[in-house]
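Pasting upload-v1.cif here (mmCIF, C-alpha atoms):
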```cif
data_query
#
loop_
_atom_site.group_PDB
_atom_site.id
_atom_site.type_symbol
_atom_site.label_atom_id
_atom_site.label_comp_id
_atom_site.auth_asym_id
_atom_site.auth_seq_id
_atom_site.Cartn_x
_atom_site.Cartn_y
_atom_site.Cartn_z
ATOM 1 C CA HIS A 575 93.289 79.267 162.580
ATOM 2 C CA ILE A 576 91.377 77.614 159.770
ATOM 3 C CA PHE A 577 88.519 76.407 161.963
ATOM 4 C CA PRO A 578 86.156 79.286 160.991
ATOM 5 C CA LEU A 579 86.650 78.330 157.330
ATOM 6 C CA LEU A 580 85.304 74.870 158.077
ATOM 7 C CA ILE A 581 82.036 76.043 159.649
ATOM 8 C CA LYS A 582 78.986 76.048 157.390
ATOM 9 C CA ARG A 583 76.155 78.205 158.702
ATOM 10 C CA GLU A 584 72.720 76.572 158.623
ATOM 11 C CA PRO A 585 71.127 78.972 156.064
ATOM 12 C CA PHE A 586 73.854 77.985 153.594
ATOM 13 C CA GLU A 587 73.883 74.212 154.148
ATOM 14 C CA TYR A 588 71.871 73.646 150.968
ATOM 15 C CA GLU A 589 74.901 74.830 148.948
ATOM 16 C CA GLN A 590 76.802 71.610 149.657
ATOM 17 C CA GLU A 591 79.992 73.438 148.750
ATOM 18 C CA VAL A 592 83.496 72.100 148.652
ATOM 19 C CA ARG A 593 86.293 74.296 149.959
ATOM 20 C CA PHE A 594 89.941 74.040 148.997
ATOM 21 C CA ILE A 595 92.238 75.279 151.739
ATOM 22 C CA LEU A 596 95.934 75.821 151.074
ATOM 23 C CA ASN A 597 98.323 76.309 153.951
ATOM 24 C CA LYS A 598 100.397 79.486 153.539
ATOM 25 C CA HIS A 599 103.408 77.707 155.078
ATOM 26 C CA THR A 600 103.691 75.350 152.124
ATOM 27 C CA GLU A 601 106.315 76.177 149.508
ATOM 28 C CA PHE A 602 104.687 77.033 146.185
ATOM 29 C CA ASN A 603 106.513 77.360 142.890
ATOM 30 C CA GLU A 604 103.674 79.263 141.201
ATOM 31 C CA PRO A 605 101.615 82.266 142.364
ATOM 32 C CA TYR A 606 98.421 80.209 141.837
ATOM 33 C CA TYR A 607 97.229 76.684 141.261
ATOM 34 C CA SER A 608 94.908 75.499 138.561
ATOM 35 C CA PHE A 609 92.857 72.332 138.519
ATOM 36 C CA LYS A 610 91.438 70.697 135.410
ATOM 37 C CA ILE A 611 87.761 69.934 135.892
ATOM 38 C CA GLU A 612 84.692 69.328 133.767
ATOM 39 C CA PRO A 613 82.310 71.948 135.229
ATOM 40 C CA ASN A 614 79.195 70.555 133.533
ATOM 41 C CA ASN A 615 79.774 67.257 135.360
ATOM 42 C CA LEU A 616 80.900 68.808 138.646
ATOM 43 C CA PHE A 617 78.389 71.621 139.241
ATOM 44 C CA ASP A 618 74.585 71.536 139.203
ATOM 45 C CA GLU A 619 74.463 75.321 139.273
ATOM 46 C CA VAL A 620 76.600 78.388 139.948
ATOM 47 C CA VAL A 621 75.120 80.850 142.437
ATOM 48 C CA PHE A 622 76.672 84.269 142.963
ATOM 49 C CA CYS A 623 76.594 86.393 146.093
ATOM 50 C CA PRO A 624 73.332 88.366 146.391
ATOM 51 C CA TRP A 625 75.302 91.618 146.679
ATOM 52 C CA ILE A 626 77.136 91.318 143.361
ATOM 53 C CA GLN A 627 76.437 94.239 141.053
ATOM 54 C CA ASP A 628 74.243 93.323 138.086
ATOM 55 C CA LYS A 629 76.860 94.342 135.515
ATOM 56 C CA ASN A 630 79.500 92.165 137.226
ATOM 57 C CA PHE A 631 77.076 89.254 137.445
ATOM 58 C CA GLU A 632 76.263 89.507 133.740
ATOM 59 C CA GLN A 633 79.986 89.688 132.897
ATOM 60 C CA TYR A 634 80.845 86.596 134.952
ATOM 61 C CA LYS A 635 77.815 84.741 133.608
ATOM 62 C CA LYS A 636 78.965 85.453 130.052
ATOM 63 C CA GLU A 637 82.506 84.316 130.864
ATOM 64 C CA LEU A 638 81.226 81.039 132.279
ATOM 65 C CA THR A 639 79.005 80.339 129.266
ATOM 66 C CA ASP A 640 81.829 81.339 126.892
ATOM 67 C CA LEU A 641 83.974 78.715 128.639
ATOM 68 C CA GLY A 642 81.319 76.115 127.885
ATOM 69 C CA TYR A 643 79.321 75.920 131.114
ATOM 70 C CA THR A 644 75.711 75.029 130.295
ATOM 71 C CA GLY A 645 74.217 74.743 133.793
ATOM 72 C CA ILE A 646 72.143 77.200 135.781
ATOM 73 C CA ILE A 647 73.857 80.506 136.623
ATOM 74 C CA LYS A 648 72.020 82.856 138.984
ATOM 75 C CA LYS A 649 72.311 85.369 141.793
ATOM 76 C CA SER A 650 71.372 84.184 145.265
ATOM 77 C CA ASN A 651 67.985 85.391 146.478
ATOM 78 C CA LEU A 652 68.815 84.715 150.114
ATOM 79 C CA HIS A 653 68.480 88.391 151.041
ATOM 80 C CA ASP A 654 65.450 89.215 148.871
ATOM 81 C CA PRO A 655 62.431 90.501 150.772
ATOM 82 C CA PRO A 656 59.771 87.862 151.365
ATOM 83 C CA LYS A 657 57.034 87.537 148.779
ATOM 84 C CA ILE A 658 53.667 88.771 150.008
ATOM 85 C CA ILE A 659 50.831 86.321 149.574
ATOM 86 C CA GLU A 660 47.341 87.800 149.425
ATOM 87 C CA ILE A 661 44.461 85.638 150.577
ATOM 88 C CA ASN A 662 40.919 86.739 149.824
ATOM 89 C CA ILE A 663 38.185 85.314 152.028
#
```
Could you render the structure from this file as structure tokens?
Amino acid sequence: HIFPLLIKREPFEYEQEVRFILNKHTEFNEPYYSFKIEPNNLFDEVVFCPWIQDKNFEQYKKELTDLGYTGIIKKSNLHDPPKIIEINI
């Protein structure tokens, strides 16, 4: 039942994400897999869930920069209230 994992809702289409899906029925020799990548060439930006706590966001942001990532790191503003525009006539 992986079909729901393949659906990308319209508000999130801009993310252009890539998902890795591992089948639990495959025999694995390790409890996890690691992939060597060059994040500065692979990612334009890293965007965290809008509900992440600020202290956790700052911690993860620091970890990413300590690992050498130099791109944009931010929290999603998808759930922020709309900005009010005042027009004087």
Which of these residues is nearest to A:Asn614, using only C-alpha atoms: A:Ile663, A:Gly645, A:Gln590, A:Glu637?
A:Gly645
Quick one: residues within 6 Å of stretch 648-657 of chain A, only C-alpha atoms, excluding same-chain residues fewer than 5 positions away - as a PyMOL selection string?
chain A and resi 621-624
Store the residues picked out above in a file with C-alpha atoms, as an mmCIF file, keeping the file's coordinate frame.
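Writing the result to selection-v5.cif gives the following:
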```cif
data_model
loop_
_atom_site.group_PDB
_atom_site.id
_atom_site.type_symbol
_atom_site.label_atom_id
_atom_site.label_comp_id
_atom_site.auth_asym_id
_atom_site.auth_seq_id
_atom_site.Cartn_x
_atom_site.Cartn_y
_atom_site.Cartn_z
ATOM 1 C CA VAL A 621 75.120 80.850 142.437
ATOM 2 C CA PHE A 622 76.672 84.269 142.963
ATOM 3 C CA CYS A 623 76.594 86.393 146.093
ATOM 4 C CA PRO A 624 73.332 88.366 146.391
#
```
In terms of the shortest atom-to-atom distance over all atoms listed in the file, which of A:Asn603, A:Phe577, A:Arg593, A:Phe617 is closest to A:Thr644?
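Checking each of A:Asn603, A:Phe577, A:Arg593, A:Phe617 against A:Thr644, counting all atoms listed in the file, the winner is A:Phe617.
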For atom CA of A:Glu619 and atom CA of A:Phe586, quote the distance in Å rounded to one decimal.
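Those two atoms sit 14.6 Å apart.
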Point out the residue among A:Asn615, A:Ile647, A:Phe609, A:Glu660 with the least atom-to-atom distance to A:Phe631, counting only C-alpha atoms.
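Looking only at the distances to A:Phe631, the closest residue turns out to be A:Ile647.
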